[in-house]
file final03.txt (compact mmCIF, C-alpha atoms (C1' of nucleotides))
# COMPACT_ATOMS: atom_id res chain seq x y z
CA MET A 1 0.00 0.00 0.00
CA ASN A 2 1.43 3.36 -1.05
CA ILE A 3 1.17 6.57 0.90
CA GLY A 4 -1.78 7.78 -1.15
CA GLN A 5 -3.86 4.75 -0.32
CA ALA A 6 -2.85 4.89 3.32
CA SER A 7 -3.87 8.53 3.34
CA ALA A 8 -7.26 7.84 1.80
CA ALA A 9 -7.86 4.91 4.13
CA SER A 10 -6.88 6.76 7.27
CA GLY A 11 -8.01 10.29 6.56
CA VAL A 12 -4.55 11.64 7.26
CA SER A 13 -3.04 13.69 4.43
CA THR A 14 0.14 12.47 2.78
CA LYS A 15 1.76 15.67 3.96
CA MET A 16 0.95 14.86 7.54
CA ILE A 17 1.94 11.21 7.28
CA ARG A 18 5.41 12.27 6.16
CA TYR A 19 5.45 14.90 8.87
CA TYR A 20 4.53 12.38 11.58
CA GLU A 21 7.27 10.12 10.31
CA ARG A 22 9.84 12.88 10.20
CA THR A 23 9.08 14.01 13.74
CA GLY A 24 9.13 10.47 15.09
CA LEU A 25 5.47 10.13 16.03
CA ILE A 26 5.22 7.05 13.79
CA LYS A 27 8.00 4.70 12.82
CA SER A 28 9.68 5.11 9.45
CA ALA A 29 7.76 3.25 6.78
CA ASP A 30 9.42 0.49 4.80
CA ARG A 31 10.35 1.41 1.26
CA SER A 32 9.75 -0.27 -2.08
CA ALA A 33 12.63 -0.82 -4.51
CA ALA A 34 11.83 2.56 -6.03
CA GLY A 35 11.87 4.27 -2.67
CA TYR A 36 8.11 4.53 -2.24
CA ARG A 37 6.83 4.28 1.32
CA VAL A 38 4.92 1.06 1.90
CA TYR A 39 2.15 0.73 4.49
CA THR A 40 0.32 -2.20 6.05
CA LYS A 41 -3.21 -2.34 7.41
CA SER A 42 -1.72 -2.07 10.85
CA ASP A 43 -0.02 1.18 9.89
CA VAL A 44 -3.32 2.51 8.62
CA HIS A 45 -4.88 1.51 11.91
CA THR A 46 -2.30 3.58 13.74
CA LEU A 47 -2.93 6.54 11.45
CA GLN A 48 -6.64 6.28 12.12
CA PHE A 49 -5.91 6.26 15.83
CA ILE A 50 -3.89 9.43 15.43
CA ARG A 51 -6.53 11.03 13.27
CA ARG A 52 -9.27 10.37 15.80
CA ALA A 53 -7.14 11.59 18.66
CA ARG A 54 -6.48 14.80 16.72
CA ASP A 55 -10.20 15.13 16.11
CA LEU A 56 -10.69 14.97 19.86
CA GLY A 57 -8.24 17.81 20.23
CA PHE A 58 -5.23 15.90 21.53
CA SER A 59 -1.96 17.51 20.56
CA VAL A 60 0.67 15.51 18.75
CA ALA A 61 2.72 15.57 21.95
CA GLN A 62 -0.19 14.05 23.86
CA ILE A 63 -0.65 11.42 21.18
CA GLU A 64 2.99 10.56 21.62
CA ASP A 65 2.07 9.52 25.16
CA LEU A 66 -1.13 7.82 24.09
CA LEU A 67 0.37 5.61 21.38
CA PRO A 68 2.63 3.49 23.59
CA LEU A 69 -0.27 2.94 25.98
CA TRP A 70 -2.35 1.79 23.08
CA ASN A 71 0.35 -0.62 21.95
CA ASN A 72 1.11 -1.85 25.42
CA ARG A 73 -1.05 -4.71 26.58
CA GLU A 74 0.20 -4.32 30.12
CA ARG A 75 -1.12 -0.80 30.33
CA ALA A 76 -3.34 0.34 33.16
CA SER A 77 -6.55 1.99 32.07
CA HIS A 78 -5.92 4.43 34.90
CA ASP A 79 -2.94 5.87 33.04
CA VAL A 80 -5.03 6.52 29.97
CA LYS A 81 -7.77 8.12 31.98
CA VAL A 82 -5.28 10.46 33.60
CA LEU A 83 -4.05 11.62 30.21
CA ALA A 84 -7.57 12.03 28.92
CA MET A 85 -8.72 13.99 31.92
CA GLU A 86 -5.68 16.23 31.78
CA HIS A 87 -6.65 16.96 28.23
CA VAL A 88 -10.23 17.65 29.27
CA GLU A 89 -8.89 20.10 31.84
CA GLN A 90 -6.96 21.95 29.17
CA LEU A 91 -9.97 22.07 26.91
CA CYS A 92 -12.18 23.32 29.71
CA ALA A 93 -9.71 26.06 30.56
CA LYS A 94 -9.72 27.27 27.00
CA VAL A 95 -13.47 27.10 26.81
CA ALA A 96 -13.74 29.15 29.98
CA GLU A 97 -11.44 31.80 28.57
CA MET A 98 -13.42 32.03 25.39
CA GLU A 99 -16.72 32.09 27.20
CA ALA A 100 -15.45 35.05 29.16
CA MET A 101 -14.48 36.83 25.98
CA ILE A 102 -17.82 36.08 24.42
CA ALA A 103 -19.68 37.38 27.46
CA THR A 104 -17.70 40.59 27.45
CA LEU A 105 -18.15 41.16 23.75
CA LYS A 106 -21.84 40.41 23.84
CA HIS A 107 -22.33 42.78 26.69
CA LEU A 108 -20.49 45.50 24.82
CA ALA A 109 -22.38 44.81 21.64
CA GLU A 110 -25.70 45.05 23.43
CA ASN A 111 -24.87 48.58 24.46
CA CYS A 112 -23.93 49.45 20.92
CA THR A 113 -26.34 51.80 19.19
CA ASP A 114 -25.74 49.79 16.03
CA ASP A 115 -26.37 52.69 13.68
CA ASP A 116 -24.36 55.25 11.75
CA ARG A 117 -23.31 57.27 14.76
CA PRO A 118 -19.69 57.03 15.86
CA ASP A 119 -20.32 56.39 19.56
CA CYS A 120 -19.29 52.83 20.20
CA PRO A 121 -18.91 51.14 23.58
CA ILE A 122 -16.86 48.38 22.02
CA LEU A 123 -14.12 50.68 20.79
CA LYS A 124 -14.41 52.72 23.93
CA ASP A 125 -13.77 49.67 26.02
CA LEU A 126 -10.85 48.56 23.91
CA ALA A 127 -9.34 52.01 24.24
CA GLU A 128 -9.97 52.48 27.94
CA GLY A 129 -9.98 48.98 29.27
CA ARG A 130 -12.96 49.41 31.53
CA HIS A 131 -14.63 46.39 30.00
CA GLY A 132 -18.04 47.91 29.88
CA GLU A 133 -17.93 49.18 33.46
CA CYS A 134 -19.74 46.08 34.65
CA ALA A 135 -20.54 42.44 34.36
CA SER A 136 -17.37 41.25 32.70
CA PRO A 137 -15.78 38.24 34.37
CA PRO A 138 -12.80 39.26 36.48
CA GLU A 139 -10.36 37.01 34.60
CA ASN A 140 -10.67 39.34 31.67
CA ARG A 141 -9.81 42.48 33.52
CA PHE A 142 -6.18 41.65 33.90
CA GLY A 143 -5.21 40.24 30.60
CA VAL A 144 -5.24 36.65 31.71
CA ALA A 145 -7.27 35.59 28.76
CA ARG A 146 -5.58 35.29 25.38
CA VAL A 147 -6.33 31.86 24.06
CA GLY A 148 -3.50 31.33 21.68
CA MET B 1 9.78 57.33 25.33
CA ASN B 2 11.81 54.27 24.32
CA ILE B 3 10.41 50.92 23.35
CA GLY B 4 10.96 49.49 26.82
CA GLN B 5 8.85 52.15 28.46
CA ALA B 6 6.19 51.84 25.79
CA SER B 7 6.16 48.12 26.40
CA ALA B 8 5.81 48.48 30.16
CA ALA B 9 3.13 51.12 29.78
CA SER B 10 1.08 49.16 27.25
CA GLY B 11 1.61 45.59 28.31
CA VAL B 12 2.83 44.64 24.84
CA SER B 13 6.28 43.04 24.76
CA THR B 14 9.06 44.80 22.86
CA LYS B 15 9.20 41.80 20.57
CA MET B 16 5.60 42.19 19.66
CA ILE B 17 5.82 45.96 19.21
CA ARG B 18 8.57 45.45 16.64
CA TYR B 19 6.57 42.66 15.07
CA TYR B 20 3.45 44.81 14.77
CA GLU B 21 5.56 47.52 13.18
CA ARG B 22 7.24 45.13 10.78
CA THR B 23 3.94 43.64 9.65
CA GLY B 24 2.34 47.05 9.22
CA LEU B 25 -0.27 46.83 11.99
CA ILE B 26 1.15 49.99 13.53
CA LYS B 27 3.02 52.77 11.77
CA SER B 28 6.79 52.84 11.90
CA ALA B 29 7.98 54.62 15.02
CA ASP B 30 10.14 57.72 14.75
CA ARG B 31 13.78 57.20 15.60
CA SER B 32 16.17 59.04 17.86
CA ALA B 33 19.59 60.12 16.59
CA ALA B 34 20.98 56.78 17.76
CA GLY B 35 18.28 54.84 15.94
CA TYR B 36 16.15 54.08 18.99
CA ARG B 37 12.42 53.89 18.41
CA VAL B 38 10.59 56.79 20.05
CA TYR B 39 6.99 56.56 21.22
CA THR B 40 4.39 59.08 22.31
CA LYS B 41 1.51 58.66 24.74
CA SER B 42 -0.74 58.32 21.74
CA ASP B 43 1.31 55.40 20.47
CA VAL B 44 1.03 53.74 23.86
CA HIS B 45 -2.71 54.27 23.69
CA THR B 46 -2.80 52.43 20.38
CA LEU B 47 -0.72 49.60 21.80
CA GLN B 48 -3.08 49.32 24.75
CA PHE B 49 -5.97 49.13 22.33
CA ILE B 50 -4.25 46.30 20.50
CA ARG B 51 -3.41 44.54 23.71
CA ARG B 52 -7.01 44.63 24.92
CA ALA B 53 -8.31 43.48 21.59
CA ARG B 54 -5.89 40.54 21.70
CA ASP B 55 -7.08 39.76 25.21
CA LEU B 56 -10.59 39.59 23.84
CA GLY B 57 -9.36 37.07 21.30
CA PHE B 58 -9.33 39.24 18.20
CA SER B 59 -6.73 38.15 15.67
CA VAL B 60 -4.17 40.62 14.42
CA ALA B 61 -5.99 40.61 11.09
CA GLN B 62 -9.22 41.57 12.82
CA ILE B 63 -7.47 44.31 14.73
CA GLU B 64 -6.23 45.60 11.42
CA ASP B 65 -9.89 46.23 10.59
CA LEU B 66 -10.69 47.58 14.03
CA LEU B 67 -7.92 50.18 14.21
CA PRO B 68 -9.06 52.41 11.35
CA LEU B 69 -12.57 52.39 12.75
CA TRP B 70 -11.19 53.46 16.07
CA ASN B 71 -9.24 56.29 14.46
CA ASN B 72 -12.07 57.34 12.21
CA ARG B 73 -14.44 59.84 13.74
CA GLU B 74 -16.88 59.30 10.90
CA ARG B 75 -17.23 55.64 11.70
CA ALA B 76 -20.57 54.00 12.16
CA SER B 77 -20.97 52.02 15.34
CA HIS B 78 -22.80 49.48 13.24
CA ASP B 79 -19.57 48.57 11.41
CA VAL B 80 -17.81 47.89 14.68
CA LYS B 81 -20.66 45.79 15.96
CA VAL B 82 -20.58 43.68 12.82
CA LEU B 83 -16.89 42.94 13.29
CA ALA B 84 -17.38 42.19 16.95
CA MET B 85 -20.28 39.86 16.33
CA GLU B 86 -18.42 38.06 13.57
CA HIS B 87 -15.69 37.48 16.08
CA VAL B 88 -18.19 36.24 18.63
CA GLU B 89 -19.47 33.80 16.03
CA GLN B 90 -15.99 32.44 15.50
CA LEU B 91 -15.43 32.10 19.21
CA CYS B 92 -18.76 30.35 19.66
CA ALA B 93 -17.94 27.91 16.90
CA LYS B 94 -14.66 26.99 18.53
CA VAL B 95 -16.31 26.66 21.89
CA ALA B 96 -18.93 24.35 20.43
CA GLU B 97 -16.24 22.15 18.89
CA MET B 98 -14.39 21.92 22.14
CA GLU B 99 -17.53 21.28 24.15
CA ALA B 100 -18.24 18.36 21.85
CA MET B 101 -14.76 16.98 22.41
CA ILE B 102 -15.11 17.43 26.14
CA ALA B 103 -18.45 15.65 26.18
CA THR B 104 -17.09 12.73 24.21
CA LEU B 105 -14.00 12.41 26.36
CA LYS B 106 -15.92 12.67 29.60
CA HIS B 107 -18.32 10.02 28.46
CA LEU B 108 -15.45 7.73 27.54
CA ALA B 109 -13.66 8.41 30.79
CA GLU B 110 -16.77 7.59 32.79
CA ASN B 111 -16.79 4.14 31.28
CA CYS B 112 -13.17 3.67 32.14
CA THR B 113 -12.47 1.17 34.91
CA ASP B 114 -9.72 3.50 36.08
CA ASP B 115 -7.60 0.73 37.54
CA ASP B 116 -4.61 -1.37 36.54
CA ARG B 117 -6.51 -3.47 34.03
CA PRO B 118 -5.77 -2.84 30.39
CA ASP B 119 -9.37 -2.57 29.16
CA CYS B 120 -9.89 1.02 28.20
CA PRO B 121 -12.85 2.47 26.35
CA ILE B 122 -10.89 5.59 25.53
CA LEU B 123 -8.21 3.79 23.58
CA LYS B 124 -10.81 1.47 22.13
CA ASP B 125 -12.73 4.40 20.81
CA LEU B 126 -9.67 6.06 19.37
CA ALA B 127 -8.78 2.83 17.63
CA GLU B 128 -12.23 1.96 16.35
CA GLY B 129 -13.83 5.34 15.98
CA ARG B 130 -17.17 4.36 17.41
CA HIS B 131 -17.04 7.20 19.89
CA GLY B 132 -18.35 5.19 22.76
CA GLU B 133 -21.17 3.66 20.71
CA CYS B 134 -23.52 6.34 21.95
CA ALA B 135 -24.18 9.85 23.06
CA SER B 136 -21.40 11.60 21.25
CA PRO B 137 -22.44 14.62 19.24
CA PRO B 138 -22.69 13.79 15.55
CA GLU B 139 -20.18 16.46 14.49
CA ASN B 140 -17.50 14.40 16.06
CA ARG B 141 -18.23 11.25 14.17
CA PHE B 142 -16.93 12.50 10.90
CA GLY B 143 -13.82 14.39 11.75
CA VAL B 144 -15.35 17.82 11.53
CA ALA B 145 -13.93 18.87 14.84
CA ARG B 146 -10.23 19.65 15.02
CA VAL B 147 -9.87 23.03 16.63
CA GLY B 148 -6.55 24.39 15.42
C1' DG C 1 38.48 59.72 31.55
C1' DC C 2 36.75 54.38 31.88
C1' DT C 3 33.88 50.64 33.28
C1' DT C 4 29.62 48.61 34.20
C1' DG C 5 25.08 47.46 33.44
C1' DA C 6 20.78 48.33 31.45
C1' DC C 7 18.84 49.18 27.33
C1' DC C 8 18.50 49.34 22.34
C1' DT C 9 19.34 47.50 17.44
C1' DT C 10 19.05 43.72 13.87
C1' DG C 11 19.02 39.05 12.68
C1' DC C 12 18.05 34.20 12.85
C1' DC C 13 15.69 30.02 15.00
C1' DA C 14 11.96 27.69 17.30
C1' DC C 15 7.31 26.21 18.36
C1' DG C 16 2.55 23.40 16.23
C1' DG C 17 0.32 21.74 12.63
C1' DT C 18 -0.99 22.24 8.09
C1' DG C 19 -0.97 23.35 3.24
C1' DG C 20 1.29 24.85 -1.33
C1' DG C 21 4.32 24.15 -4.81
C1' DA C 22 8.53 22.99 -7.56
C1' DA C 23 11.63 19.68 -9.72
C1' DG C 24 12.35 15.29 -10.81
C1' DG C 25 11.75 9.94 -10.65
C1' DA C 26 8.45 5.73 -11.04
C1' DG C 27 4.53 3.36 -12.49
C1' DT C 28 0.76 2.36 -15.55
C1' DA C 29 -2.37 2.36 -19.36
C1' DA C 30 -3.34 3.38 -24.22
C1' DT D 1 6.12 6.73 -26.95
C1' DT D 2 3.20 9.53 -24.75
C1' DA D 3 0.42 11.01 -21.23
C1' DC D 4 -1.03 10.95 -16.78
C1' DT D 5 -0.95 9.96 -11.99
C1' DC D 6 1.62 9.06 -8.13
C1' DC D 7 5.73 9.23 -5.54
C1' DT D 8 10.14 11.53 -3.73
C1' DT D 9 12.63 15.53 -1.42
C1' DC D 10 13.05 20.30 -0.52
C1' DC D 11 11.70 24.91 0.60
C1' DC D 12 8.09 28.47 1.86
C1' DA D 13 3.95 30.18 4.19
C1' DC D 14 0.77 30.87 7.91
C1' DC D 15 0.23 33.16 13.33
C1' DG D 16 1.91 35.03 17.34
C1' DT D 17 5.28 34.65 20.55
C1' DG D 18 9.67 33.82 22.74
C1' DG D 19 14.81 33.09 22.84
C1' DC D 20 19.45 34.05 21.82
C1' DA D 21 23.48 36.38 19.84
C1' DA D 22 26.33 40.13 18.32
C1' DG D 23 26.82 44.64 18.47
C1' DG D 24 25.63 49.92 19.41
C1' DT D 25 24.12 53.51 23.21
C1' DC D 26 23.31 55.73 27.22
C1' DA D 27 23.60 57.03 32.01
C1' DA D 28 25.53 56.45 36.39
C1' DG D 29 29.39 55.70 39.39
C1' DC D 30 34.36 55.52 40.20
call {"tool": "encode", "arguments": {"input": "final03.txt", "output": "C-alpha cells"}}
result
Amino acid sequence: MNIGQASAASGVSTKMIRYYERTGLIKSADRSAAGYRVYTKSDVHTLQFIRRARDLGFSVAQIEDLLPLWNNRERASHDVKVLAMEHVEQLCAKVAEMEAMIATLKHLAENCTDDDRPDCPILKDLAEGRHGECASPPENRFGVARVG
Amino acid sequence: MNIGQASAASGVSTKMIRYYERTGLIKSADRSAAGYRVYTKSDVHTLQFIRRARDLGFSVAQIEDLLPLWNNRERASHDVKVLAMEHVEQLCAKVAEMEAMIATLKHLAENCTDDDRPDCPILKDLAEGRHGECASPPENRFGVARVG
DNA sequence: GCTTGACCTTGCCACGGTGGGAAGGAGTAA
DNA sequence: TTACTCCTTCCCACCGTGGCAAGGTCAAGC
C-alpha cells in the first residue's frame, strides 16, 4: 500500500503522514525498490488512531504519550484516563477563557447603538480597558485571557 | 519614550511591538539620533488598544480592521458591531467544537475502569472510531472537529 | 576619563500543525 | 512513446510569541 492509499484509508493527508514520520510520532515506513513508502493495514490503523485523537483535540505531543499505551497490553486503564482527563482540563480552561471573551463582547455589543453614529462602547472599552464598566468576568480584567 | 517604556506602559512586549511595526499593523515609530524607536503617549494608547483586543481574542488581522474604525471619527458604530459579532461567532464555533470533544472524552472516561486493568474504552474508541457507541455529538463522528 | 550594566538594534531560529508548490523519478495504461 | 498519476525531497507560508546572539548607546558611578 502506497502513501496515497494509506492517506485515503486513514483520513490523514500524505503531507501529515510524512510529517509524523519525520518528527518520530510514527516509525519510518518500509520502502519499495523505487523508494516509495509502503504501508500495512496495521499502519493505517495507527494513522486512524492518530486522526481520531487529533479530532478529539489531543496535541501531537499528547498522542505521543497515548500511542505506547495503546500498543502496550500491560497498560493500566488508569494511566489513559489520567491523560484524557488532563486533556479535558486543558480544553475546559480554553473554553472558559473564550466564554469570558464572548460574554464581554456580547455585553459591549448590546450597548452598541448599532447605527451610523460614531459612539461605540466596544471601541471605547478597547481604548480604555474598563470592559463595559460592569458584568465582565474578572479574569478578563487583567489580561489573563488570550487563548492562543 | 523608548520601546521598553512603551512596552511596560502598554503591556505589549518589545518583541511584539517590533513585530506589529514590521507587519504594518502599527506605523513605523520615529527614531532618535541613535536609531532608537521613540513613542508618544498616543502610540502607547494604540498599543493598549491592540493589547485589549488581543485579550478579547481578536486576531491581528481583525485588529487591522478595528484600528481604522477606532481612528475614524466618521465611523458607524454598526460597522464595529458587525466585526465584533463576527468574532463572537468564530469564538462560539470553537467553543462548540471543544464542548463536543469534552463531552465525548468525559463520556469515555466515565466508562473507564480507572484501575490497573488494560481494558480502556478511551483507547478502544480512538482505535475503532465508534465514539463510545452512543451519546457523542454527531459532528464528532466525521472528523469535523479539530480546533486548530 | 573608563567601566559597568541596562537598554537598544538587527538578525536568525523555534514552536505546532498544516498546506502549497517545484523539480524530478516511477509506475501504468493506451 | 506519450500522457497521466503518483511518488520523492526540498523549501516556503501561515500566526503570534519567545529566545538568543552580536553589536551599538546611554547614564551612572568611580
call {"tool": "closest_atom_pairs", "arguments": {"input": "final03.txt", "of": "chain C", "to": "chain B", "cutoff": "10 Å", "atoms": "all atoms listed in the file", "output": "JSON lines"}}
result
{"residue": "C:DC7", "atom": "C1'", "partner": "B:Gly4", "partner_atom": "CA", "distance": 7.9}
{"residue": "C:DC8", "atom": "C1'", "partner": "B:Tyr36", "partner_atom": "CA", "distance": 6.3}
{"residue": "C:DT9", "atom": "C1'", "partner": "B:Tyr36", "partner_atom": "CA", "distance": 7.5}
{"residue": "C:DG16", "atom": "C1'", "partner": "B:Gly148", "partner_atom": "CA", "distance": 9.2}
{"residue": "C:DG17", "atom": "C1'", "partner": "B:Gly148", "partner_atom": "CA", "distance": 7.9}
{"residue": "C:DT18", "atom": "C1'", "partner": "B:Gly148", "partner_atom": "CA", "distance": 9.4}
call {"tool": "closest_atom_pairs", "arguments": {"input": "final03.txt", "of": "chain D", "to": "chain A", "cutoff": "9 Å", "atoms": "only C-alpha atoms (C1' of nucleotides)", "output": "tab-separated table"}}
result
residue	atom	partner	partner_atom	distance
D:DC6	C1'	A:Gly4	CA	7.9
D:DC7	C1'	A:Tyr36	CA	6.2
D:DT8	C1'	A:Tyr36	CA	7.4
D:DG16	C1'	A:Gly148	CA	7.9
call {"tool": "closest_residue", "arguments": {"input": "final03.txt", "among": "B:Val38, B:Val12, B:Leu25, B:Met1", "to": "chain A", "atoms": "only C-alpha atoms"}}
result
B:Val12
call {"tool": "residues_near_point", "arguments": {"input": "final03.txt", "point": "(3.2, 16.6, 11.1)", "cutoff": "12 Å", "atoms": "all atoms listed in the file", "output": "VMD selection string"}}
result
(chain A and resid 12 to 26 47 50 to 51 54 59 to 61 63) or (chain C and resid 16 to 19)
call {"tool": "atom_distance", "arguments": {"input": "final03.txt", "atom1": "CA of Thr104 in chain B", "atom2": "CA of Gly11 in chain A"}}
result
20.0 Å
call {"tool": "residues_near_point", "arguments": {"input": "final03.txt", "point": "(-23.7, 60.2, 15.9)", "cutoff": "12 Å", "atoms": "all atoms listed in the file", "output": "VMD selection string"}}
result
(chain A and resid 112 to 120) or (chain B and resid 73 to 78)
